[in-house]
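Following: one structure in structure tokens, then a few remarks.
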Amino acid sequence: MLRVNQVKVRTGHSEADLRRQTAFVLRIPEENIRTLRIVRQSVDARKKPAIFYSYSVDVSIKDEDRVLHRFRGKENLVCRAVEAEYRFPTPGSRERKGPAVIVGTGPAGLFCGYFLALHGYRPILLERGRCVEERRRDVETFWETGKLDTASNVQFGEGGAGTFSDGKLNTLVKDRDGRNKAVLETFVKFGAKESICYEAKPHIGTDVLCDVVKRMREEIIRLGGEVRFESRVTNIRVEDGRVRGVVVEGPDAARERTSVERAHSEDEECPVREARDGEEGPGEYIECGQLVLAIGHSARDTFSMLSKRGVPMEAKSFAVGLRVEHPQRMINESQYGTGEPGDLGAAPYKVTAKTGQGRGVYSFCMCPGGYVVNASSEEGRTAVNGMSYSDRGGQNANSAIIVTVTPEDFGSEHPLAGIAFQRRLEERAYAVGGGKIPVQRYGDFRRCVEEAAGGDGGIQKRSQTRGQEGLGDRQESPVKENPTESLAARQGSQAVDSQTESQAARQESQAARQGSQAVDSQTASQESPAAIRQEQRDGRKTCPQAIEAKRRGESSPEPQCRGAWTWADVSRILPEACNEAIVEGMEAFGRQIAGFDSPDACLSGVESRTSSPVRIHRDDHLQSEIRGLYPCGEGAGFAGGIVSAAMDGIRVAEAIAREFAP
């Protein structure tokens with residue numbers, strides 16, 4: 001089998017065209033090709049609007065040795081086909097002292113559970129949210145009514161946060177052991193299109209991903225595993241440095257316990273029982289041999305519990321920013337040279353820059369033909385994300401424009417200080433938007449940021465002199481922060497479980513949010529200078545370029561959001577240093593993609609859940625200092641997307657299998 005690279009064919013081609021061009025590259029008759037399989041497909045747009053697909057293909061042909069000799073010294077073009085085949089390890093012989101329990105059914109937990117079940121381990125998967133069918137209804141209800149279910153939302157529930165996203169399946173993780181291929185093939189097995197196995201930038205789309213997740217769960221159950229929803233882990237039991245079990249809180253514990261007893265009654269004493277008084281707290285106690293923590297990046301109460309139980313962890317860098325929207329047609333023209341790219345579909349992009357301050361600014365989770373969605377999971381706090389359906393058919397392209405923040409920026413050295421930092425930003429976003437997604441035109445956002453920086457040119461001057469100033473202590477805040485919370489954050493001991501906040505603190509926070517709610521642009525007067533200034537703050541189309549465009553009869557792009565939105569002063573959400581970095585980045589990106597820094601572009605916030613703000617320590621055997629505890633996936637700080645999280649889940653399943661017998 002030979003691998004042939006750089007086989008270029010015009011878009012809209014047929015299978016016969018690809019076969020013909022491959023024969024041309026090899027300089028052989030077309031009939032000499034016995035079989036042909038696409039390995040990789042990418043887009044070559046260097047000569048737009050003439051767009052080509054560039055393929056790598058594996059072919060079986062006559063006289064392979066002779067043809068390979070012809071390309072000696074040109075191995076980048078033609079070489080032997082060698083591909084890593086995934087193999088699950090041979091099971092170990094050590095007896096397990098209870099089932100493997102997996103906390104979370106995002107990509108990491110789902111793939112860990114699937115591969116363990118596939119090899120006879122019959123794991124128990126615990127998910128605090130609901131199954132994906134019910135979760136979809138809960139999310140749609142939230143977007144339509146604003147009524148948030150804190151247990152079932154964009155962050156929590158079967159499939160994890162990535163379920164309501166573009167469903168991107170690319171990763172920068174090296175695939176020496178074939179895990180990436182195994183992940184993609186598993187997705188195809190359960191309903192994804194086959195092309196994700198070879199596309200350079202594969203994606204599924206939220207609509208298809210929901211169905212894939214459901215089928216994976218059904219297969220885990222068929223293989224003897226157990227998947228339990230509305231089952232939130234509230235405590236872990238540790239004895240002699242080893243995890244022994246978990247306490248689970250759920251509304252249907254008795255009914256679910258019966259099904260678990262039935263599943264395990266054949267070969268072992270049922271590990272599920274009521275937690276004893278004074279043991280680990282109220283709830284259902286599940287004894288386990290191995291505990292996989294695939295909790296996701298938003299399980300803040302779980303991070304708090306683990307910290308109290310002495311699980312070693314640390315704050316880690318992540319990124320925060322705003323969502324930006326442009327007309328998808330504009331992005332298509334920039335990337336492909338045409339507004340209607342045909343079978344290429346909506347064009348993606350990726351942009352990066354470094355500010356004068358030295359901070360990285362870059363696009364993240366770019367959603368072609370997508371929507372900005374309200375991705376909140378806590379009352380009184382607003383977070384946004386991007387989402388595309390499989391057809392990427394929306395009018396706008398959106399991506400997060402984000403700035404890296406480090407533990408030095410959080411105002412504390414506590415392991416959970418990054419969570420406190422996120423919460424402060426999300427409270428500001430909630431207050432600015434009055435509970436809706438706050439949106440502002442980029443031209444007005446830039447003006448607000450420049451005014452705060454001291455006028456035109458102030459951003460550049462400040463970025464050169466700011467140095468390593470922290471972001472946690474913004475001088476001007478649109479929200480009156482909870483004094484108790486602020487003090488705790490500075491001391492490094494803020495409680496991150498919103499369920500345990502005092503009633504007084506909640507009332508004060510609510511009053512602060514109501515006191516700083518953004519003015520509804522629909523009721524603002526069009527007459528007075530004060531009203532005009534308010535419109536500028538609130539994000540209406542007031543920047544000079546936008547006004548002139550309106551006079552010419554040109555329409556501005558409107559936000560494409562799932563969930564209620566309102567014009568608001570988005571510049572009041574992030575710390576000034578982040579705002580300034582975003583402006584610098586947008587101006588730089590405008591030199592890369594024409595129109596990217598258009599005054600009419602829409603910004604919304606806050607993008608605060610880009611990755612976990614916490615890393616749970618683990619060793620070379622993928623275990624915590626507490627033996628039997630396996631931190632896993634994005635929430636534990638070891639992944640950065642659907643595929644990398646799924647790959648990490650497989651790695652943890654392998655680690656368990658190498659040591660223990662099924």
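So you can find residues: chains in the structure tokens are A, B, ... in the order shown, residues in each start at 1, and ligands are numbered from 1 in order.
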
**Request:** Excluding Asp343 in chain A and any residue of its chain fewer than 6 positions from it, enumerate the residues within 12 Å of it, using only C-alpha atoms, and give them as JSON, numbers by chain.
**Result:** {"A": [10, 11, 12, 13, 43, 51, 52, 53, 336, 391, 392]}

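Residues surrounding Val247 in chain A within 6 Å are A:Val233, A:Thr234, A:Asn235, A:Gly283, A:Glu284, A:Tyr285 [only C-alpha atoms; sequence separation below 6 positions excluded].
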
**Message:** I need the residue nearest Ile102 in chain A from this list: A:Leu18, A:Ile295, A:Leu125, A:Val7. Use only C-alpha atoms for the distance.
**Reply:**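 Ranking A:Leu18, A:Ile295, A:Leu125, A:Val7 by distance to Ile102 in chain A, first place goes to A:Leu125.
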
List the spatial neighbours of range 348-354 of chain A as a PDB file with C-alpha atoms, in the first residue's frame - criterion: any atom at most 10 Å away, only C-alpha atoms, same-chain residues fewer than 3 positions off excluded.
```pdb
ATOM      1  CA  LYS A 201     -11.049  20.321  10.149  1.00  0.00           C
ATOM      2  CA  GLN A 328     -20.628  34.620   7.183  1.00  0.00           C
ATOM      3  CA  ILE A 331     -15.716  35.486   5.967  1.00  0.00           C
ATOM      4  CA  ASN A 332     -16.401  33.321   2.887  1.00  0.00           C
ATOM      5  CA  SER A 334     -12.041  36.593   2.612  1.00  0.00           C
ATOM      6  CA  GLN A 335     -11.173  32.906   2.892  1.00  0.00           C
ATOM      7  CA  TYR A 336     -12.444  31.539  -0.434  1.00  0.00           C
ATOM      8  CA  GLY A 345     -19.579  25.104   3.108  1.00  0.00           C
ATOM      9  CA  GLN A 357       1.846  44.221  26.622  1.00  0.00           C
ATOM     10  CA  GLY A 358       2.975  40.758  25.538  1.00  0.00           C
ATOM     11  CA  ARG A 359      -0.362  39.021  26.059  1.00  0.00           C
ATOM     12  CA  GLY A 360      -1.606  36.546  23.495  1.00  0.00           C
ATOM     13  CA  VAL A 361      -4.945  37.316  21.813  1.00  0.00           C
ATOM     14  CA  TYR A 362      -6.517  34.713  19.583  1.00  0.00           C
ATOM     15  CA  SER A 363      -9.740  33.298  18.191  1.00  0.00           C
ATOM     16  CA  PHE A 364     -11.195  30.271  19.914  1.00  0.00           C
ATOM     17  CA  CYS A 365     -14.059  27.877  19.171  1.00  0.00           C
ATOM     18  CA  MET A 366     -14.801  29.472  15.808  1.00  0.00           C
ATOM     19  CA  CYS A 367     -18.338  28.623  14.639  1.00  0.00           C
ATOM     20  CA  PRO A 368     -18.989  29.056  10.892  1.00  0.00           C
ATOM     21  CA  GLY A 369     -22.643  29.772  10.216  1.00  0.00           C
ATOM     22  CA  ALA A 397     -19.781  33.517  11.768  1.00  0.00           C
ATOM     23  CA  ASN A 398     -18.716  33.849  15.380  1.00  0.00           C
ATOM     24  CA  SER A 399     -15.701  33.063  17.494  1.00  0.00           C
ATOM     25  CA  ILE A 401     -11.642  36.574  20.923  1.00  0.00           C
ATOM     26  CA  ILE A 402      -9.806  35.697  24.099  1.00  0.00           C
ATOM     27  CA  VAL A 403      -6.865  36.813  26.198  1.00  0.00           C
ATOM     28  CA  ALA A 581      -5.786  43.557  24.442  1.00  0.00           C
ATOM     29  CA  ILE A 582      -8.992  42.674  22.576  1.00  0.00           C
ATOM     30  CA  GLU A 584      -5.324  45.576  19.803  1.00  0.00           C
ATOM     31  CA  GLY A 585      -6.119  42.088  18.621  1.00  0.00           C
ATOM     32  CA  MET A 586      -9.166  43.138  16.604  1.00  0.00           C
ATOM     33  CA  GLU A 587      -7.163  45.826  14.823  1.00  0.00           C
ATOM     34  CA  ALA A 588      -4.448  43.285  14.003  1.00  0.00           C
ATOM     35  CA  PHE A 589      -7.023  40.764  12.795  1.00  0.00           C
ATOM     36  CA  GLY A 590      -8.494  43.443  10.519  1.00  0.00           C
ATOM     37  CA  GLN A 592      -5.472  39.638   8.249  1.00  0.00           C
ATOM     38  CA  ILE A 593      -9.170  39.404   7.305  1.00  0.00           C
TER      39      ILE A 593
END
```

**Request:** Record the distance separating CA of Val311 in chain A and CA of Ile236 in chain A, expressed in Å with one decimal.
**Result:**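 According to the coordinates, CA of Val311 in chain A and CA of Ile236 in chain A are separated by 10.2 Å.
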
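Omitting Arg136 in chain A and its sequence neighbours fewer than 3 positions away, and counting only C-alpha atoms, the residues within 12 Å are Gly129, Arg130, Cys131, Val132, Glu133, Val139, Glu140, Thr141, Phe142, Trp143, Asp149, Ser152, Asn153, Val154, Gln155, Phe156, Gly157, Glu158, Gly159, Gly160, Thr163, Phe164, Thr206, Asp207, Leu209, Cys210, Asp211 and Lys214 of chain A.
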
**Request:** For Phe187 in chain A, please output as a PyMOL selection string all residues within 10 Å (counting only C-alpha atoms; exclusion window: fewer than 2 positions along the same chain).
**Result:** chain A and resi 169+181-185+189-194+196-197+204+209+212-213+215-216

**Polymer residues at most 12 Å from Arg179 in chain A, only C-alpha atoms, same-chain spacing of 2 or more positions, as a ChimeraX atom specification** = /A:83-88,111-112,115,171,173-177,181-186,643-654
